[in-house]
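K.L.:
Take a look at run.cif, mmCIF, C-alpha atoms:
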data_my_file
loop_
_atom_site.label_atom_id
_atom_site.label_comp_id
_atom_site.auth_asym_id
_atom_site.auth_seq_id
_atom_site.Cartn_x
_atom_site.Cartn_y
_atom_site.Cartn_z
CA MET G 20 10.40 28.56 0.69
CA ASP G 21 9.35 28.15 4.34
CA ARG G 22 11.74 30.09 6.54
CA GLY G 23 10.02 29.11 9.78
CA GLY G 24 12.41 26.26 10.51
CA GLU G 25 16.09 25.38 10.20
CA ILE G 26 18.08 26.21 7.05
CA ILE G 27 21.02 23.98 6.12
CA GLN G 28 23.70 25.31 3.78
CA VAL G 29 25.25 22.65 1.55
CA GLN G 30 28.15 22.78 -0.89
CA ILE G 31 28.45 19.79 -3.19
CA GLY G 32 31.79 18.05 -3.03
CA GLY G 33 33.59 14.74 -2.81
CA GLY G 34 31.67 11.67 -3.90
CA ALA G 35 28.40 13.59 -4.13
CA ALA G 36 29.48 15.48 -7.26
CA GLY G 37 27.86 14.11 -10.41
CA LEU G 38 25.03 12.36 -8.56
CA ARG G 39 21.33 13.14 -8.84
CA LEU G 40 20.51 16.17 -6.72
CA ASP G 41 18.33 14.26 -4.26
CA ARG G 42 20.99 11.61 -3.74
CA ALA G 43 23.80 14.16 -3.54
CA LEU G 44 22.05 16.19 -0.86
CA ALA G 45 21.24 13.04 1.11
CA GLU G 46 24.94 12.14 0.94
CA MET G 47 25.97 15.60 2.12
CA VAL G 48 23.32 15.83 4.87
CA PRO G 49 23.17 12.34 6.38
CA GLN G 50 20.38 13.21 8.81
CA LEU G 51 18.05 13.55 5.81
CA SER G 52 16.89 10.48 3.94
CA ARG G 53 16.73 10.58 0.16
CA GLU G 54 12.94 10.39 0.27
CA ARG G 55 12.87 13.31 2.67
CA VAL G 56 15.12 15.32 0.31
CA LYS G 57 12.80 14.49 -2.61
CA ALA G 58 9.82 15.78 -0.64
CA LEU G 59 11.70 18.97 0.25
CA ILE G 60 12.64 19.55 -3.39
CA ALA G 61 9.04 18.95 -4.50
CA SER G 62 7.76 21.49 -1.98
CA GLY G 63 10.26 24.16 -3.02
CA GLN G 64 12.42 23.95 0.10
CA VAL G 65 15.71 23.50 -1.79
CA ALA G 66 17.22 26.53 -3.55
CA ASP G 67 20.45 27.27 -5.39
CA ALA G 68 22.95 30.00 -4.50
CA GLN G 69 20.78 32.60 -6.27
CA GLY G 70 17.74 31.63 -4.21
CA LYS G 71 15.98 29.92 -7.11
CA PRO G 72 14.09 26.81 -5.98
CA SER G 73 15.27 23.52 -7.47
CA VAL G 74 12.34 21.45 -8.69
CA ASP G 75 14.04 18.52 -10.41
CA PRO G 76 15.45 15.87 -8.04
CA ALA G 77 17.05 14.11 -11.00
CA ARG G 78 19.23 17.05 -12.10
CA LYS G 79 22.96 16.45 -11.77
CA ALA G 80 24.66 18.08 -8.81
CA LEU G 81 27.96 19.68 -9.85
CA ASP G 82 31.10 19.96 -7.76
CA GLY G 83 31.15 23.19 -5.79
CA GLN G 84 27.47 24.03 -6.27
CA ALA G 85 25.81 25.59 -3.22
CA PHE G 86 22.29 24.89 -2.04
CA SER G 87 20.17 25.91 0.91
CA VAL G 88 17.81 23.32 2.35
CA ALA G 89 14.96 24.71 4.43
CA LEU G 90 13.51 22.35 7.02
CA PRO G 91 10.02 23.67 7.81
CA ALA G 92 9.10 24.06 11.45
CA PRO G 93 7.46 20.86 12.72
CA THR G 94 3.77 20.77 11.96
CA PRO G 95 1.61 19.86 14.94
CA LEU G 96 0.45 16.31 14.40
CA GLY G 97 -3.25 16.34 13.74
CA ASN G 98 -3.71 12.59 14.13
CA GLU G 99 -4.54 11.41 17.61
CA ALA G 100 -2.86 8.36 19.12
CA GLN G 101 -5.64 5.92 19.95
CA ALA G 102 -5.50 2.67 21.88
CA ILE G 103 -6.94 0.44 19.17
CA ALA G 104 -6.18 -3.28 19.45
CA LEU G 105 -3.78 -4.54 16.79
CA SER G 106 -3.00 -8.07 15.63
CA ILE G 107 0.77 -7.97 15.16
CA ALA G 108 2.43 -10.62 13.01
CA TYR G 109 5.96 -9.22 13.44
CA GLU G 110 7.69 -6.20 14.90
CA ASP G 111 11.24 -4.94 15.40
CA ALA G 112 12.95 -1.57 15.67
CA HIS G 113 12.44 -0.81 11.97
CA LEU G 114 9.08 -2.15 10.91
CA ILE G 115 5.82 -3.72 12.00
CA VAL G 116 3.58 -6.20 10.16
CA ILE G 117 -0.10 -5.92 10.98
CA ASP G 118 -2.91 -8.40 10.32
CA LYS G 119 -5.65 -5.84 9.62
CA PRO G 120 -9.30 -6.69 10.26
CA ALA G 121 -11.94 -5.80 7.70
CA GLY G 122 -13.54 -2.46 8.47
CA LEU G 123 -10.35 -0.72 9.65
CA VAL G 124 -9.31 2.25 7.48
CA VAL G 125 -5.54 2.46 6.96
CA HIS G 126 -5.02 6.23 7.17
CA PRO G 127 -7.15 9.29 7.93
CA ALA G 128 -9.10 10.78 5.05
CA ALA G 129 -12.40 12.51 4.44
CA GLY G 130 -15.03 10.77 6.52
CA HIS G 131 -12.49 8.82 8.56
CA PHE G 132 -10.38 11.22 10.62
CA ASP G 133 -9.83 8.86 13.54
CA GLY G 134 -10.18 5.21 14.43
CA THR G 135 -7.71 4.32 11.66
CA LEU G 136 -4.66 2.09 11.56
CA VAL G 137 -2.48 5.23 11.70
CA ASN G 138 -4.17 6.27 14.95
CA ALA G 139 -3.51 2.79 16.34
CA LEU G 140 0.13 2.82 15.21
CA LEU G 141 0.74 6.25 16.74
CA HIS G 142 -0.35 4.81 20.09
CA HIS G 143 1.42 1.48 19.77
CA CYS G 144 4.70 2.78 18.35
CA ALA G 145 4.77 5.91 20.55
CA GLY G 146 6.48 8.23 18.08
CA GLN G 147 8.59 5.56 16.38
CA LEU G 148 7.13 5.77 12.89
CA SER G 149 8.80 6.85 9.67
CA GLY G 150 8.03 10.47 8.84
CA ILE G 151 8.32 10.00 5.08
CA GLY G 152 4.59 9.62 4.68
CA GLY G 153 4.00 13.01 6.34
CA VAL G 154 1.75 13.75 9.26
CA ALA G 155 -1.28 12.18 7.58
CA ARG G 156 0.37 8.85 6.80
CA PRO G 157 3.32 8.26 9.14
CA GLY G 158 4.89 4.87 8.53
CA ILE G 159 2.50 3.92 5.76
CA VAL G 160 4.31 2.24 2.86
CA HIS G 161 1.27 0.67 1.18
CA ARG G 162 -2.38 0.16 1.99
CA ILE G 163 -5.26 -2.25 1.63
CA ASP G 164 -8.90 -1.26 1.34
CA LYS G 165 -11.03 -0.63 4.42
CA ASP G 166 -13.16 -3.72 3.79
CA THR G 167 -10.25 -5.97 2.84
CA SER G 168 -8.62 -7.94 5.64
CA GLY G 169 -5.07 -9.17 5.98
CA LEU G 170 -1.40 -8.33 6.08
CA LEU G 171 0.39 -5.06 5.54
CA VAL G 172 3.73 -3.64 6.66
CA ALA G 173 4.42 -0.20 8.16
CA ALA G 174 7.83 1.45 8.59
CA LYS G 175 9.13 2.63 11.95
CA SER G 176 12.32 4.17 10.54
CA ASP G 177 13.06 6.19 7.40
CA VAL G 178 15.68 3.69 6.25
CA ALA G 179 13.09 0.90 6.45
CA HIS G 180 10.55 3.04 4.62
CA GLU G 181 12.97 3.75 1.79
CA GLY G 182 14.03 0.12 1.51
CA LEU G 183 10.47 -1.18 1.46
CA ALA G 184 9.42 1.50 -1.03
CA ARG G 185 12.19 0.38 -3.38
CA GLN G 186 10.95 -3.21 -3.21
CA PHE G 187 7.37 -2.18 -3.92
CA ALA G 188 8.59 -0.08 -6.86
CA ALA G 189 10.61 -3.03 -8.16
CA HIS G 190 7.55 -5.33 -7.79
CA SER G 191 9.63 -7.76 -5.73
CA ILE G 192 7.22 -7.92 -2.78
CA ASP G 193 5.34 -11.24 -2.55
CA ARG G 194 1.67 -10.27 -2.11
CA ARG G 195 -0.99 -12.94 -2.41
CA TYR G 196 -4.69 -12.47 -1.81
CA LYS G 197 -7.48 -15.00 -1.42
CA ALA G 198 -10.76 -14.03 -2.99
CA ILE G 199 -14.15 -15.67 -3.42
CA VAL G 200 -15.40 -14.82 -6.89
CA VAL G 201 -18.58 -15.26 -8.88
CA GLY G 202 -18.35 -18.27 -11.20
CA ARG G 203 -15.33 -20.42 -11.95
CA PRO G 204 -12.48 -18.96 -14.00
CA ASN G 205 -11.85 -20.68 -17.32
CA PRO G 206 -8.98 -21.26 -17.71
CA PRO G 207 -8.56 -21.84 -13.97
CA GLU G 208 -5.19 -20.10 -14.00
CA GLY G 209 -4.08 -17.01 -15.86
CA LYS G 210 -2.88 -13.44 -15.90
CA VAL G 211 -4.68 -10.13 -16.25
CA ASP G 212 -2.38 -7.45 -17.66
CA ALA G 213 -4.49 -4.32 -18.08
CA PRO G 214 -3.86 -0.71 -17.01
CA VAL G 215 -5.94 0.64 -14.13
CA GLY G 216 -6.90 4.26 -13.54
CA ARG G 217 -9.73 6.49 -12.37
CA SER G 218 -12.97 5.80 -14.19
CA PRO G 219 -13.80 8.73 -16.48
CA ALA G 220 -17.49 8.08 -15.75
CA ASN G 221 -17.17 7.95 -11.95
CA ARG G 222 -14.08 9.39 -10.25
CA LYS G 223 -14.81 7.39 -7.10
CA LYS G 224 -14.25 4.15 -9.01
CA MET G 225 -11.29 2.58 -10.73
CA ALA G 226 -11.49 1.00 -14.18
CA LEU G 227 -9.46 -0.45 -17.02
CA VAL G 228 -8.30 2.77 -18.63
CA PRO G 229 -6.05 3.17 -21.69
CA GLY G 230 -3.09 5.18 -20.47
CA GLY G 231 -3.72 4.13 -16.85
CA LYS G 232 -1.02 2.69 -14.63
CA ARG G 233 0.29 -0.73 -15.61
CA ALA G 234 -1.37 -3.39 -13.50
CA VAL G 235 -0.73 -7.15 -13.52
CA THR G 236 -2.58 -9.80 -11.51
CA HIS G 237 -1.81 -13.52 -11.64
CA TYR G 238 -4.75 -15.69 -10.55
CA ARG G 239 -5.35 -19.39 -10.01
CA GLN G 240 -8.37 -21.28 -8.78
CA LEU G 241 -7.81 -23.00 -5.45
CA ARG G 242 -11.26 -24.55 -4.99
CA ALA G 243 -14.44 -24.86 -7.01
CA LEU G 244 -17.55 -23.74 -5.11
CA ARG G 245 -21.29 -23.47 -5.86
CA ASP G 246 -21.40 -21.07 -8.81
CA ALA G 247 -18.26 -19.54 -7.35
CA ALA G 248 -14.57 -20.22 -6.72
CA LEU G 249 -11.86 -19.54 -4.19
CA VAL G 250 -8.94 -18.01 -6.08
CA GLU G 251 -5.47 -16.85 -5.18
CA CYS G 252 -4.42 -13.55 -6.73
CA ARG G 253 -0.72 -12.73 -6.80
CA LEU G 254 -0.01 -9.07 -7.37
CA GLU G 255 2.81 -8.10 -9.67
CA THR G 256 1.80 -4.47 -9.20
CA GLY G 257 -0.28 -2.80 -6.51
CA ARG G 258 -2.87 -0.41 -7.91
CA THR G 259 -5.94 0.85 -6.11
CA HIS G 260 -8.70 -1.81 -6.20
CA GLN G 261 -6.52 -3.87 -8.58
CA VAL G 262 -7.80 -7.34 -7.69
CA ARG G 263 -11.42 -6.17 -7.62
CA VAL G 264 -11.19 -4.44 -11.00
CA HIS G 265 -9.15 -7.16 -12.72
CA MET G 266 -11.31 -10.08 -11.59
CA ALA G 267 -14.47 -8.21 -12.52
CA SER G 268 -12.99 -7.47 -15.95
CA ILE G 269 -12.79 -11.19 -16.75
CA GLY G 270 -16.33 -11.85 -15.52
CA HIS G 271 -15.48 -13.06 -12.04
CA GLY G 272 -16.14 -10.19 -9.66
CA LEU G 273 -15.72 -10.67 -5.93
CA LEU G 274 -18.68 -11.74 -3.84
CA GLY G 275 -19.87 -8.90 -1.61
CA ASP G 276 -18.27 -6.22 -3.79
CA GLY G 277 -21.09 -3.78 -4.38
CA VAL G 278 -18.92 -1.50 -6.51
CA TYR G 279 -17.48 -3.78 -9.18
CA SER G 280 -19.44 -7.04 -8.98
CA LYS G 281 -23.01 -8.15 -9.69
CA PRO G 282 -23.79 -11.32 -7.70
CA ILE G 283 -26.29 -13.87 -8.97
CA ARG G 284 -29.60 -14.12 -7.10
CA ALA G 285 -28.56 -17.14 -5.01
CA HIS G 286 -25.37 -15.39 -3.89
CA ARG G 287 -27.28 -12.22 -3.05
CA ALA G 288 -29.62 -14.18 -0.76
CA LEU G 289 -26.71 -15.99 0.87
CA LEU G 290 -24.82 -12.76 1.55
CA GLU G 291 -27.94 -11.36 3.22
CA THR G 292 -28.39 -14.49 5.32
CA LEU G 293 -24.78 -14.42 6.50
CA ASN G 294 -24.84 -10.61 6.86
CA PHE G 295 -21.67 -10.55 4.74
CA ARG G 296 -21.30 -6.92 3.68
CA ARG G 297 -17.81 -6.54 2.26
CA GLN G 298 -15.78 -7.76 -0.69
CA ALA G 299 -14.57 -11.33 -0.09
CA LEU G 300 -10.90 -10.43 -0.25
CA HIS G 301 -8.11 -11.26 2.20
CA ALA G 302 -4.40 -10.35 2.00
CA ALA G 303 -3.19 -13.81 2.96
CA ARG G 304 0.55 -13.65 2.31
CA LEU G 305 3.21 -10.95 2.48
CA GLY G 306 6.89 -11.55 1.80
CA PHE G 307 9.82 -9.17 1.46
CA ILE G 308 13.50 -8.69 2.23
CA HIS G 309 14.06 -6.89 5.51
CA PRO G 310 15.38 -3.49 4.39
CA VAL G 311 17.95 -3.31 7.21
CA THR G 312 18.98 -6.90 8.02
CA SER G 313 18.52 -8.27 4.44
CA ILE G 314 16.78 -11.33 5.91
CA ALA G 315 13.94 -12.77 3.82
CA LEU G 316 10.67 -12.52 5.74
CA SER G 317 7.34 -14.13 4.86
CA PHE G 318 4.04 -14.04 6.71
CA GLU G 319 0.73 -15.79 6.23
CA SER G 320 -2.67 -14.91 7.64
CA GLU G 321 -5.56 -17.28 8.23
CA MET G 322 -8.81 -16.42 6.53
CA PRO G 323 -11.02 -14.40 8.92
CA ALA G 324 -14.15 -15.97 10.38
CA ASP G 325 -16.67 -14.13 8.19
CA MET G 326 -14.97 -15.10 4.95
CA GLN G 327 -14.37 -18.67 6.18
CA GLU G 328 -18.09 -19.00 6.94
CA LEU G 329 -18.92 -17.82 3.43
CA LEU G 330 -16.43 -20.29 1.97
CA ASP G 331 -17.76 -23.19 4.06
CA THR G 332 -21.36 -22.42 3.11
CA LEU G 333 -20.52 -22.31 -0.59
CA SER G 334 -18.66 -25.62 -0.22
CA ASP G 335 -21.72 -27.52 1.00
#
As structure tokens, please, write out the structure in this file.
P.N.:
Amino acid sequence: MDRGGEIIQVQIGGGAAGLRLDRALAEMVPQLSRERVKALIASGQVADAQGKPSVDPARKALDGQAFSVALPAPTPLGNEAQAIALSIAYEDAHLIVIDKPAGLVVHPAAGHFDGTLVNALLHHCAGQLSGIGGVARPGIVHRIDKDTSGLLVAAKSDVAHEGLARQFAAHSIDRRYKAIVVGRPNPPEGKVDAPVGRSPANRKKMALVPGGKRAVTHYRQLRALRDAALVECRLETGRTHQVRVHMASIGHGLLGDGVYSKPIRAHRALLETLNFRRQALHAARLGFIHPVTSIALSFESEMPADMQELLDTLSD
């Protein structure tokens, strides 16, 4: 347990008795969100009266039980605020919806420690980002791949982060992607329900893996193209590389996807001519219930110029 910061003493009572420990502590210490309490429990910062760390956030909190909650001293933020231009679809005191360009990494990681969306948000929001994601991913509720363009939402308050996270977990977020795929799906509309996980052969790739996380993609062809098709993919779940893996699994990998797709010779030449060097995937629609106002919000993003040029050329 980190003793470098504040320690809060809590005795369970009132309506908190009988609740899950994480919920009970959040009820007793209102300045801590439930997600923050979960993170503290997971990191061993919550202990019982005997000093034994509590590791199960789902255990029942009993009336009269005493706990100490250690709040570690603030960690210096390693991410630098950078003045990177953002295309903002919506913003209020609780959240911000960004239309991300292809090529922009969402959060810092190996090989990309700056120039990310997080760096841009730190500058734009000036300290008003949810801390639930930690110093590496402040405000980040979900992500889209570096070379995928389109809409994503970030949380500026913990209450917004928790509310959005619940909707993602419940699969109630409306997420629709447009993709240009090799060939024309037959049938032109369908569902791929296949678990996705790390490839046992290559840990840098995802694959259909027995025992992987449940993943469901609904697809429908929007337009037939030359040996290709424009499809809409509606995500029921949101796994890493889900659309790319699922469409490739049914023989219709995304054009430009050098990891999961094998383009035909004509497509390969066209991609070179257009200098199109990313997967043809765009997060075109994002809809959710505002976690604070309960207002239904929905946003749509126009296809970016590079993908539109590819689409127009294949339509000739």
K.L.:
Between CA of Asp331 in chain G and CA of Glu291 in chain G, what is the distance, to one decimal in Å?
P.N.:
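Between CA of Asp331 in chain G and CA of Glu291 in chain G the gap is 15.6 Å.
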K.L.:
Rounded to one decimal place, report the CA of Val264 in chain G-CA of Ser280 in chain G distance in Å.
P.N.:
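Calculated distance between CA of Val264 in chain G and CA of Ser280 in chain G is 8.9 Å.
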K.L.:
Go through G:Ala36, G:Leu316, G:Ala45, G:Leu148 one by one, measure the shortest atom-to-atom distance of each to Lys79 in chain G using all atoms listed in the file, and give the residue with the smallest value.
P.N.:
G:Ala36
K.L.:
I need the residue nearest Asp75 in chain G from this list: G:Ala35, G:Ala58, G:Leu105, G:Met47. Use all atoms listed in the file for the distance.
P.N.:
G:Ala58
K.L.:
Find the residues around Ala77 in chain G up to 8 Å (all atoms listed in the file counted), leave out those fewer than 6 positions away in its own chain, and share them as a PyMOL selection string.
P.N.:
chain G and resi 39-41
K.L.:
Enter the distance from CA of Ala248 in chain G to CA of Arg233 in chain G, in Å, rounded to one decimal.
P.N.:
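Interatomic distance, CA of Ala248 in chain G to CA of Arg233 in chain G: 26.1 Å.
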K.L.:
Taking the file as shown, find all residues satisfying the PyMOL selection byres ((chain G and resi 174) around 10) and write them as a ChimeraX atom specification.
P.N.:
/G:110-116,147-152,157-161,172-173,175-184,310
K.L.:
For the file shown, report as a ChimeraX atom specification the outcome of the PyMOL selection byres ((chain G and resi 246) around 8) at residue level.
P.N.:
/G:201-203,244-245,247-248
K.L.:
Pick out the residues sitting within 10 Å of Asn205 in chain G, and hand them over as a list in words; count all atoms listed in the file, and ignore anything fewer than 3 positions along from it in its own chain.
P.N.:
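Listed by chain and then number, they are Gly202, Glu208, Gly209, Arg239, Gln240, Ile269 and His271 of chain G.
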K.L.:
For Val88 in chain G, list every protein, DNA or RNA residue within 6 Å, evaluated using all atoms listed in the file, and leave out those in the same chain fewer than 3 positions away; present the list as a ChimeraX atom specification.
P.N.:
/G:26-27,64-65
K.L.:
May I have the residues at most 8 Å from (-3.3, 13.7, 5.5) in the file's coordinates, counting only C-alpha atoms, as a PyMOL selection string?
P.N.:
chain G and resi 126-128+153-156
K.L.:
Generate N, CA, C and O atoms for range 96-114 of chain G and emit them as a PDB file, in the coordinates of the input.
P.N.:
ATOM      1  N   LEU G  96       1.056  17.526  14.927  1.00  0.00           N
ATOM      2  CA  LEU G  96       0.450  16.310  14.400  1.00  0.00           C
ATOM      3  C   LEU G  96      -1.039  16.320  14.662  1.00  0.00           C
ATOM      4  O   LEU G  96      -1.489  16.389  15.793  1.00  0.00           O
ATOM      5  N   GLY G  97      -1.814  16.290  13.584  1.00  0.00           N
ATOM      6  CA  GLY G  97      -3.250  16.340  13.740  1.00  0.00           C
ATOM      7  C   GLY G  97      -3.855  15.000  14.127  1.00  0.00           C
ATOM      8  O   GLY G  97      -4.964  14.941  14.644  1.00  0.00           O
ATOM      9  N   ASN G  98      -3.166  13.907  13.835  1.00  0.00           N
ATOM     10  CA  ASN G  98      -3.710  12.590  14.130  1.00  0.00           C
ATOM     11  C   ASN G  98      -3.526  12.255  15.599  1.00  0.00           C
ATOM     12  O   ASN G  98      -2.455  12.425  16.162  1.00  0.00           O
ATOM     13  N   GLU G  99      -4.556  11.745  16.191  1.00  0.00           N
ATOM     14  CA  GLU G  99      -4.540  11.410  17.610  1.00  0.00           C
ATOM     15  C   GLU G  99      -4.114   9.962  17.797  1.00  0.00           C
ATOM     16  O   GLU G  99      -4.567   9.065  17.079  1.00  0.00           O
ATOM     17  N   ALA G 100      -3.212   9.732  18.755  1.00  0.00           N
ATOM     18  CA  ALA G 100      -2.860   8.360  19.120  1.00  0.00           C
ATOM     19  C   ALA G 100      -4.038   7.730  19.843  1.00  0.00           C
ATOM     20  O   ALA G 100      -4.549   8.300  20.807  1.00  0.00           O
ATOM     21  N   GLN G 101      -4.488   6.582  19.358  1.00  0.00           N
ATOM     22  CA  GLN G 101      -5.640   5.920  19.950  1.00  0.00           C
ATOM     23  C   GLN G 101      -5.324   4.475  20.275  1.00  0.00           C
ATOM     24  O   GLN G 101      -4.699   3.772  19.468  1.00  0.00           O
ATOM     25  N   ALA G 102      -5.776   4.035  21.422  1.00  0.00           N
ATOM     26  CA  ALA G 102      -5.500   2.670  21.880  1.00  0.00           C
ATOM     27  C   ALA G 102      -6.466   1.694  21.202  1.00  0.00           C
ATOM     28  O   ALA G 102      -7.471   1.268  21.781  1.00  0.00           O
ATOM     29  N   ILE G 103      -6.146   1.375  19.964  1.00  0.00           N
ATOM     30  CA  ILE G 103      -6.940   0.440  19.170  1.00  0.00           C
ATOM     31  C   ILE G 103      -6.178  -0.877  19.105  1.00  0.00           C
ATOM     32  O   ILE G 103      -4.991  -0.898  18.790  1.00  0.00           O
ATOM     33  N   ALA G 104      -6.839  -1.962  19.429  1.00  0.00           N
ATOM     34  CA  ALA G 104      -6.180  -3.280  19.450  1.00  0.00           C
ATOM     35  C   ALA G 104      -5.638  -3.623  18.067  1.00  0.00           C
ATOM     36  O   ALA G 104      -6.304  -3.414  17.049  1.00  0.00           O
ATOM     37  N   LEU G 105      -4.416  -4.133  18.032  1.00  0.00           N
ATOM     38  CA  LEU G 105      -3.780  -4.540  16.790  1.00  0.00           C
ATOM     39  C   LEU G 105      -3.371  -6.013  16.864  1.00  0.00           C
ATOM     40  O   LEU G 105      -2.909  -6.476  17.904  1.00  0.00           O
ATOM     41  N   SER G 106      -3.528  -6.706  15.751  1.00  0.00           N
ATOM     42  CA  SER G 106      -3.000  -8.070  15.630  1.00  0.00           C
ATOM     43  C   SER G 106      -1.662  -7.950  14.926  1.00  0.00           C
ATOM     44  O   SER G 106      -1.596  -7.614  13.745  1.00  0.00           O
ATOM     45  N   ILE G 107      -0.589  -8.208  15.663  1.00  0.00           N
ATOM     46  CA  ILE G 107       0.770  -7.970  15.160  1.00  0.00           C
ATOM     47  C   ILE G 107       1.413  -9.305  14.768  1.00  0.00           C
ATOM     48  O   ILE G 107       1.562 -10.210  15.584  1.00  0.00           O
ATOM     49  N   ALA G 108       1.780  -9.411  13.496  1.00  0.00           N
ATOM     50  CA  ALA G 108       2.430 -10.620  13.010  1.00  0.00           C
ATOM     51  C   ALA G 108       3.941 -10.583  13.238  1.00  0.00           C
ATOM     52  O   ALA G 108       4.584 -11.620  13.398  1.00  0.00           O
ATOM     53  N   TYR G 109       4.507  -9.368  13.264  1.00  0.00           N
ATOM     54  CA  TYR G 109       5.960  -9.220  13.440  1.00  0.00           C
ATOM     55  C   TYR G 109       6.254  -7.765  13.780  1.00  0.00           C
ATOM     56  O   TYR G 109       5.580  -6.857  13.295  1.00  0.00           O
ATOM     57  N   GLU G 110       7.279  -7.561  14.593  1.00  0.00           N
ATOM     58  CA  GLU G 110       7.690  -6.200  14.900  1.00  0.00           C
ATOM     59  C   GLU G 110       9.142  -6.190  15.351  1.00  0.00           C
ATOM     60  O   GLU G 110       9.585  -7.081  16.087  1.00  0.00           O
ATOM     61  N   ASP G 111       9.903  -5.195  14.891  1.00  0.00           N
ATOM     62  CA  ASP G 111      11.240  -4.940  15.400  1.00  0.00           C
ATOM     63  C   ASP G 111      11.457  -3.433  15.426  1.00  0.00           C
ATOM     64  O   ASP G 111      10.497  -2.664  15.320  1.00  0.00           O
ATOM     65  N   ALA G 112      12.677  -3.002  15.545  1.00  0.00           N
ATOM     66  CA  ALA G 112      12.950  -1.570  15.670  1.00  0.00           C
ATOM     67  C   ALA G 112      12.670  -0.796  14.397  1.00  0.00           C
ATOM     68  O   ALA G 112      12.541   0.427  14.422  1.00  0.00           O
ATOM     69  N   HIS G 113      12.557  -1.500  13.255  1.00  0.00           N
ATOM     70  CA  HIS G 113      12.440  -0.810  11.970  1.00  0.00           C
ATOM     71  C   HIS G 113      11.091  -0.933  11.298  1.00  0.00           C
ATOM     72  O   HIS G 113      10.728  -0.080  10.484  1.00  0.00           O
ATOM     73  N   LEU G 114      10.352  -1.974  11.598  1.00  0.00           N
ATOM     74  CA  LEU G 114       9.080  -2.150  10.910  1.00  0.00           C
ATOM     75  C   LEU G 114       8.109  -2.978  11.737  1.00  0.00           C
ATOM     76  O   LEU G 114       8.479  -3.607  12.728  1.00  0.00           O
TER      77      LEU G 114
END
